[in-house]
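Just below is one structure, and these are the notes that go with it.
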Amino acid sequence: MHRNEWIPTVCYQCKAECAILARVEDGVVKEVKGNPLARGKMCVKGMAGITTLYSAERLKYPLKRVGERGEGRFERITWDEALDIMEKKLRELRERGEAHTFTYSMFPHSTTDPKWRFVNAAGGFISTGLPHCDSAKIMAHLHTFGCFPNHHIAPMYYTVPKGGLMILSGRHPFGCLDDACVPRDILNAKARGAKLVVIDPIFRSEAAKADWWIPIKPGGDAALFLGVCHYLLTNDLYDKAFCDKWVRPGDMDNLMAFIADKTPENMSRICDVPAADIVRLAKMCAEAKSVCIDAFKSIMYGNAMDWGHVWSILLVITGNLDNPGGQPLPEIAPMAPVTPVPTAPNLKELGYHRTGPNKDRFDHYNFILEPTWYAAQAVKEGTLKVFFASECNPALSEMGSGEWRKAMTMRDEKGDYKLELFVVTEIMPSETMKWADLVLPDQTNFERWELLYMPWWYNYGHTAALCRPVIDPLHETRHANRVMIELGKRMFPEYFAFKDDVEYYDIELSGVGMSMQKLLDNGGLWSPGTAGFRKYEDAGKFNTASGKIELEWRMYADIGQQWPSPELPLEFRRGEKEFPFILVNFRTIFLNNTGAWSQNNAQLRDPVSGLDANPVVINPIDAVRLGIAEGDMVTVASSTGQVRLPVALSERIKPGCAGLIHGFGQTMGKVAARGNWAGDNELIADAGSHLDEQDLRGGEAHVATRVNIHK
Amino acid sequence: MKQLSIMVDLDRCIGCKTCIVACRNHHGLVDHENAMPGEMSHYIRVENELTGTYPDLAEDFWVVMCQHCKKPPCIKACPSGAIAKDVQTGIVRIDKAACTGAKKCLAKCPYDVIQFDAAGNFAHKCDLCYDRVIHGLEPVCVEVCLADALRFGEKEILLMHAEAEGKALIKKRSTQSILYVKSPKG
């Protein structure tokens, strides 16, 4: 029995960062589980984290490229040599007045993540998973009712009342990207009398538990919900009192005019959901005690901004903002600043890092991070010269893998690589490291300090959680935060005057009357215990320019985007004959997408405890038409790329769609390289050079790309 | 009758496999350093059944572990008497020290849940976390279940809970000591 040896810390097998307990025996991590003081659950990826920690394949010491990019050949160097290389290049860049051509692609674990601090001090940009995931949704909510611009603010399912309605539109919350407790909380809400509606072209575990599964044509979400809004608004079924009080004067009248032709019948033709079902869904929304929506795949449809806008409108007209069972508007913990605080570079002045032929049109977008950004195009255009990447795998996660690889090896007139320095920090071998000049061995969550205090995903309960080392670090690994602090001390000592990351977090915690010691004594968690409800009533306003809810996006009037379009961008409506299938990229609980550490985790790629196959999934109706049988090898081709994969036939996918799990295709690491699987981004167009209208309407095109399938 | 049991609620199981990895960690079934997919022992597996045709579909998920049979064929098959049904708990246990590696139990198990350790030359399987339950803890799979789909206790008490909650016993899967329940379609 080991009941008293469980150490509270935080998981990092995915971005949800659930609070966990780790059992350490003689300096070895033996078991992990959810922390009962903070929602109490941990998913299969987290459970398998021990396998990542102790894998013989971990990156063990700093590596420097030998040979050409893409060959994946390296020699061992010291940490001092690695730091010298980074310092020299970044100083050179600053002297050339090109500091802003440095970008760090990362996932910030707090708004003051030390890596982000370094980027600001260096005058560079931060790029996060946001351009790839749900920046459009964040911007939509930000524009409409103001909110903390976080990566993802999921509904708080534990607040959904009896009679509440939970809508998942292309969302897979049983995959635990919000928090490992979410499946339980959704099932508990159902058990107390809430309804679950799942809208998805693929029938998955959520649909299996749903009261109603609505298969939809990919990209149809904006149309479907415009039809719902039409019914609510034209039948006086909306929350008039809420709208009268909080919506900016004039917006409701303009919305009524805009919505007039968005009838369920008209919208049905776009989304392929029967008009009667659109009306049924509208009635459910009107009758429900609360409505919440979560979406993910649908914000990758290429009309992500439109869908985000419709989503925001529906929440507003049903009065479901910051109420139990509605859309939460969490706040950030008031941590103390570590002064002096480096100022971020001025995006307006330096020009957005935004790439593509219509980049000037993005001047309208006002966001603390890059709205949409494509590394390949930035390298080609000379706006990306030094690239650092942590906890991401752009070789597989960037749209248009082929163009990305081309950009990494593109040379200038002198024969030098256009991307002058590419640094990757990683725990396990990754596809991206093949193109890197420096590969720095990172630490797992069992070996490092990290203070998390974003109102993150679903973690409003803990608000601040401490990831702490539970064992001594293995090999010569160093956490990326510590590497950037050390580089910061060399280059910008005024901003890095604190001793180390622990002291940095200690200063920050004073803002909530805590310290690292107090936090450790309190089980590594700090929380006010509630996220609160209807905080806009206390404030008397929403966090928008007018203080009211702004349904109409007047700043986009000149590009015709003040109201959402129900249609997909033009590029996805073309080529229906040549490319009759729509690619539906989806995710699973077993793999953290392209994350090298989960793709190289033996337990997560084990067929019994994880997932080891990535066939292209089509409906038997389509297979009969094409003369294709289960297991046949086929070519799946888009206008920009092709892959060869076996076919899996399943009733669970809507005819006309081709399902492919996101994240496969890695060739580095003996576990990840198993099987001839392919990455979906081989098929998806590089947005910088191949897409036009989609660029302006946000999001990725993972779930809208047209493909054909042949033997 | 004394029979400890796990009740699997098909209304709640989502097939996430969290229990499988937690079970492996707890029982030390994985060589984390050198493990490869397809080569690790496991005491639990997930099964699912998709029925219907698009778009009228239904799907169930459930877990299968040692069913702690009423009259275990593995006990009968074992030539060295290494397997016994514990009279205090009803748990079927393999005594590794007494096991001679004959593998007869593997062939006779109707549920295909017995594992074999080639290096140690012994058979092993789920023992309902005997070392935990005798100290008042639940089996690991029950404690970590993501969806709270598993419940542990005396079989008769679990059946009483199921009845009180209006869940029906899935008889064809509940013929031994592990119970499978689901709400009737309504």
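Scheme for the structure tokens: letters A, B, ... for chains in order shown; per-chain residue numbers from 1; ligand numbers from 1 in order shown.
Within 6 Å of chain B, and counting only C-alpha atoms, chain A contributes Glu31, Cys43, Val44, Met47, Thr51, Tyr54, Ser55, Ala56, Pro183, Arg184, Ser205, Ala208, Ala602, Arg605, Asp606, Ser609 and Glu651 of chain A.
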Compile the contact shell of segment 33-38 of chain A as a list in words: residues with an atom at most 6 Å away, counting only C-alpha atoms, same-chain residues fewer than 5 positions apart removed.
->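 Listed by chain and then number, they are Ala19, Ile20 and Leu21 of chain A.
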Name all residues at most 8 Å from Cys69 of chain B (count only C-alpha atoms; drop same-chain ones fewer than 4 positions away) and give them as a CSV table (one decimal) with all heavy atoms, in the first residue's frame.
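The result, stored in around11.csv:
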```
chain,number,residue,atom,x,y,z
B,73,PRO,N,-13.1,-22.5,-15.3
B,73,PRO,CA,-12.5,-23.6,-16.1
B,73,PRO,C,-11.0,-23.5,-16.0
B,73,PRO,O,-10.3,-24.6,-16.1
B,73,PRO,CB,-12.9,-23.3,-17.5
B,73,PRO,CG,-13.9,-22.2,-17.5
B,73,PRO,CD,-13.9,-21.6,-16.1
B,92,VAL,N,-10.8,-15.0,-8.2
B,92,VAL,CA,-10.0,-16.1,-8.7
B,92,VAL,C,-8.6,-15.6,-8.8
B,92,VAL,O,-8.3,-14.6,-9.5
B,92,VAL,CB,-10.6,-16.6,-10.1
B,92,VAL,CG1,-9.7,-17.6,-10.7
B,92,VAL,CG2,-12.0,-17.1,-10.0
B,176,GLN,N,-21.3,-14.6,-15.2
B,176,GLN,CA,-20.4,-14.9,-14.1
B,176,GLN,C,-20.4,-13.9,-13.0
B,176,GLN,O,-21.5,-13.5,-12.6
B,176,GLN,CB,-18.9,-15.1,-14.7
B,176,GLN,CG,-18.8,-16.2,-15.8
B,176,GLN,CD,-19.3,-17.6,-15.4
B,176,GLN,OE1,-19.1,-18.0,-14.2
B,176,GLN,NE2,-19.8,-18.4,-16.3
B,177,SER,N,-19.3,-13.3,-12.6
B,177,SER,CA,-19.3,-12.4,-11.4
B,177,SER,C,-19.2,-11.0,-11.8
B,177,SER,O,-19.4,-10.1,-10.9
B,177,SER,CB,-18.2,-12.8,-10.5
B,177,SER,OG,-18.3,-14.2,-10.1
```
Between atom CA of Leu179 of chain B and atom CA of Val63 of chain B, what is the spacing in Å?
->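 Here the two named atoms are 10.6 Å from each other.
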Write down as a short mmCIF file (atom, residue, chain, number, x, y, z; two decimals) with all heavy atoms, in the first residue's frame the residues of segment 44-133 of chain A whose backbone DSSP state falls under strand (DSSP E or B).
```cif
data_model
loop_
_atom_site.label_atom_id
_atom_site.label_comp_id
_atom_site.auth_asym_id
_atom_site.auth_seq_id
_atom_site.Cartn_x
_atom_site.Cartn_y
_atom_site.Cartn_z
N LEU A 63 21.49 18.53 -29.54
CA LEU A 63 21.97 18.03 -30.83
C LEU A 63 22.08 19.20 -31.81
O LEU A 63 21.25 20.12 -31.80
CB LEU A 63 20.99 17.01 -31.40
CG LEU A 63 20.77 15.73 -30.60
CD1 LEU A 63 19.59 14.94 -31.17
CD2 LEU A 63 22.03 14.86 -30.59
N LYS A 64 23.10 19.11 -32.66
CA LYS A 64 23.28 20.12 -33.72
C LYS A 64 23.24 19.40 -35.06
O LYS A 64 23.81 18.31 -35.22
CB LYS A 64 24.63 20.81 -33.52
CG LYS A 64 24.93 21.91 -34.51
CD LYS A 64 26.32 22.45 -34.23
CE LYS A 64 26.82 23.28 -35.39
NZ LYS A 64 28.24 23.62 -35.24
N ARG A 65 22.58 20.02 -36.00
CA ARG A 65 22.43 19.40 -37.31
C ARG A 65 23.80 19.22 -38.00
O ARG A 65 24.62 20.13 -37.99
CB ARG A 65 21.52 20.26 -38.19
CG ARG A 65 21.42 19.80 -39.64
CD ARG A 65 20.41 20.61 -40.41
NE ARG A 65 20.69 22.04 -40.43
CZ ARG A 65 21.55 22.64 -41.26
NH1 ARG A 65 22.22 21.92 -42.14
NH2 ARG A 65 21.73 23.94 -41.22
N PHE A 74 22.50 14.38 -36.80
CA PHE A 74 22.90 15.32 -35.76
C PHE A 74 24.17 14.87 -35.06
O PHE A 74 24.52 13.69 -35.10
CB PHE A 74 21.79 15.44 -34.70
CG PHE A 74 20.48 15.91 -35.26
CD1 PHE A 74 19.51 14.98 -35.65
CD2 PHE A 74 20.22 17.26 -35.44
CE1 PHE A 74 18.30 15.40 -36.18
CE2 PHE A 74 19.01 17.68 -35.97
CZ PHE A 74 18.05 16.75 -36.34
N GLU A 75 24.84 15.85 -34.42
CA GLU A 75 25.95 15.50 -33.53
C GLU A 75 25.66 16.09 -32.16
O GLU A 75 24.95 17.09 -32.02
CB GLU A 75 27.27 16.05 -34.07
CG GLU A 75 27.32 17.58 -34.13
CD GLU A 75 28.65 18.10 -34.65
OE1 GLU A 75 29.42 17.30 -35.20
OE2 GLU A 75 28.88 19.32 -34.53
N ARG A 76 26.20 15.44 -31.15
CA ARG A 76 25.97 15.89 -29.77
C ARG A 76 26.80 17.15 -29.49
O ARG A 76 27.98 17.21 -29.86
CB ARG A 76 26.39 14.76 -28.82
CG ARG A 76 26.18 15.09 -27.38
CD ARG A 76 26.52 13.88 -26.53
NE ARG A 76 26.34 14.17 -25.12
CZ ARG A 76 26.44 13.26 -24.15
NH1 ARG A 76 26.71 12.00 -24.46
NH2 ARG A 76 26.26 13.59 -22.90
N PHE A 102 11.81 37.03 -35.80
CA PHE A 102 11.97 35.88 -34.90
C PHE A 102 10.58 35.49 -34.39
O PHE A 102 9.84 36.35 -33.91
CB PHE A 102 12.89 36.26 -33.73
CG PHE A 102 12.82 35.37 -32.52
CD1 PHE A 102 12.92 33.99 -32.63
CD2 PHE A 102 12.66 35.92 -31.24
CE1 PHE A 102 12.86 33.17 -31.51
CE2 PHE A 102 12.60 35.10 -30.11
CZ PHE A 102 12.70 33.74 -30.25
N THR A 103 10.24 34.24 -34.52
CA THR A 103 8.95 33.76 -34.00
C THR A 103 9.16 32.49 -33.18
O THR A 103 9.95 31.63 -33.55
CB THR A 103 7.96 33.47 -35.14
OG1 THR A 103 7.53 34.72 -35.69
CG2 THR A 103 6.73 32.74 -34.64
N TYR A 104 8.45 32.44 -32.08
CA TYR A 104 8.51 31.25 -31.21
C TYR A 104 7.13 30.61 -31.25
O TYR A 104 6.14 31.23 -30.85
CB TYR A 104 8.88 31.66 -29.79
CG TYR A 104 9.45 30.56 -28.92
CD1 TYR A 104 10.49 30.82 -28.02
CD2 TYR A 104 8.99 29.24 -29.00
CE1 TYR A 104 11.03 29.82 -27.22
CE2 TYR A 104 9.53 28.24 -28.20
CZ TYR A 104 10.55 28.54 -27.31
OH TYR A 104 11.07 27.55 -26.52
N SER A 105 7.07 29.41 -31.75
CA SER A 105 5.82 28.68 -31.77
C SER A 105 5.74 27.84 -30.51
O SER A 105 6.60 26.99 -30.27
CB SER A 105 5.78 27.78 -33.02
OG SER A 105 4.47 27.37 -33.28
N PHE A 125 7.83 37.55 -32.24
CA PHE A 125 6.40 37.22 -32.17
C PHE A 125 6.20 35.85 -31.54
O PHE A 125 7.06 34.99 -31.62
CB PHE A 125 5.78 37.20 -33.56
CG PHE A 125 5.58 38.56 -34.15
CD1 PHE A 125 6.46 39.04 -35.10
CD2 PHE A 125 4.53 39.36 -33.75
CE1 PHE A 125 6.29 40.29 -35.65
CE2 PHE A 125 4.35 40.62 -34.30
CZ PHE A 125 5.22 41.09 -35.26
N ILE A 126 5.04 35.70 -30.98
CA ILE A 126 4.65 34.38 -30.51
C ILE A 126 3.62 33.82 -31.48
O ILE A 126 2.73 34.53 -31.94
CB ILE A 126 4.09 34.43 -29.07
CG1 ILE A 126 3.57 33.05 -28.66
CG2 ILE A 126 3.03 35.49 -28.91
CD1 ILE A 126 3.05 32.99 -27.23
N SER A 127 3.77 32.57 -31.80
CA SER A 127 2.75 31.87 -32.56
C SER A 127 2.36 30.66 -31.73
O SER A 127 3.22 29.95 -31.23
CB SER A 127 3.30 31.41 -33.91
OG SER A 127 2.43 30.47 -34.48
#
```
Neighbours of segment 113-128 of chain B within 8 Å (only C-alpha atoms; same-chain residues fewer than 6 positions away dropped), as a list of chain:residue names?
->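 The contact residues come out as B:Ser41, B:His42, B:Tyr43, B:Ile44, B:Val64, B:Met65, B:Cys66, B:Ile91, B:Val92, B:Arg93, B:Ile94, B:Lys96, B:Cys99, B:Thr100, B:Gly101, B:Lys103, B:Cys105, B:Leu106, B:Pro139.
Going from atom CA of Trp79 of chain A over to atom CA of Pro441 of chain A, you cover 9.9 Å.
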Leaving out Leu451 of chain A and any residue of its chain fewer than 3 positions from it, which residues lie within 8 Å of it when counting only C-alpha atoms, given as a ChimeraX atom specification?
-> /A:109-110,464-467,505
Write out as a PyMOL selection string which residues come within 12 Å of Glu450 of chain A when counting only C-alpha atoms, dropping same-chain ones fewer than 6 positions away.
-> chain A and resi 9-12+17+108-110+112-115+443-444+464-469+479-482+500-506+516+524
Write out as a list in words each polymer residue whose atoms come within 8 Å of segment 116-124 of chain A, counting only C-alpha atoms; drop sequence neighbours fewer than 3 positions from it.
->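 With the cut-off at 8 Å, the set is Leu90, Arg94, Ala99, His100, Thr101, Phe102, Thr103, Tyr104, Pro108, Thr111, Thr112, Asp113, Val341, Pro342, Thr343, Ala344, Pro345, Met484, Ile485, Gly488, Phe492 and Tyr495 of chain A.
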Have a look at atom CA of Trp677 of chain A and atom CA of Gly402 of chain A and let me know their distance in Å, one decimal.
->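 Interatomic distance here is 15.9 Å.
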Check the DSSP output for the backbone and give back, as a ChimeraX atom specification, the residues of segment 56-219 of chain A in helix (DSSP H, G or I).
-> /A:79-95,99-101,114-122,135-145,157-159,173-175,182-191,205-209
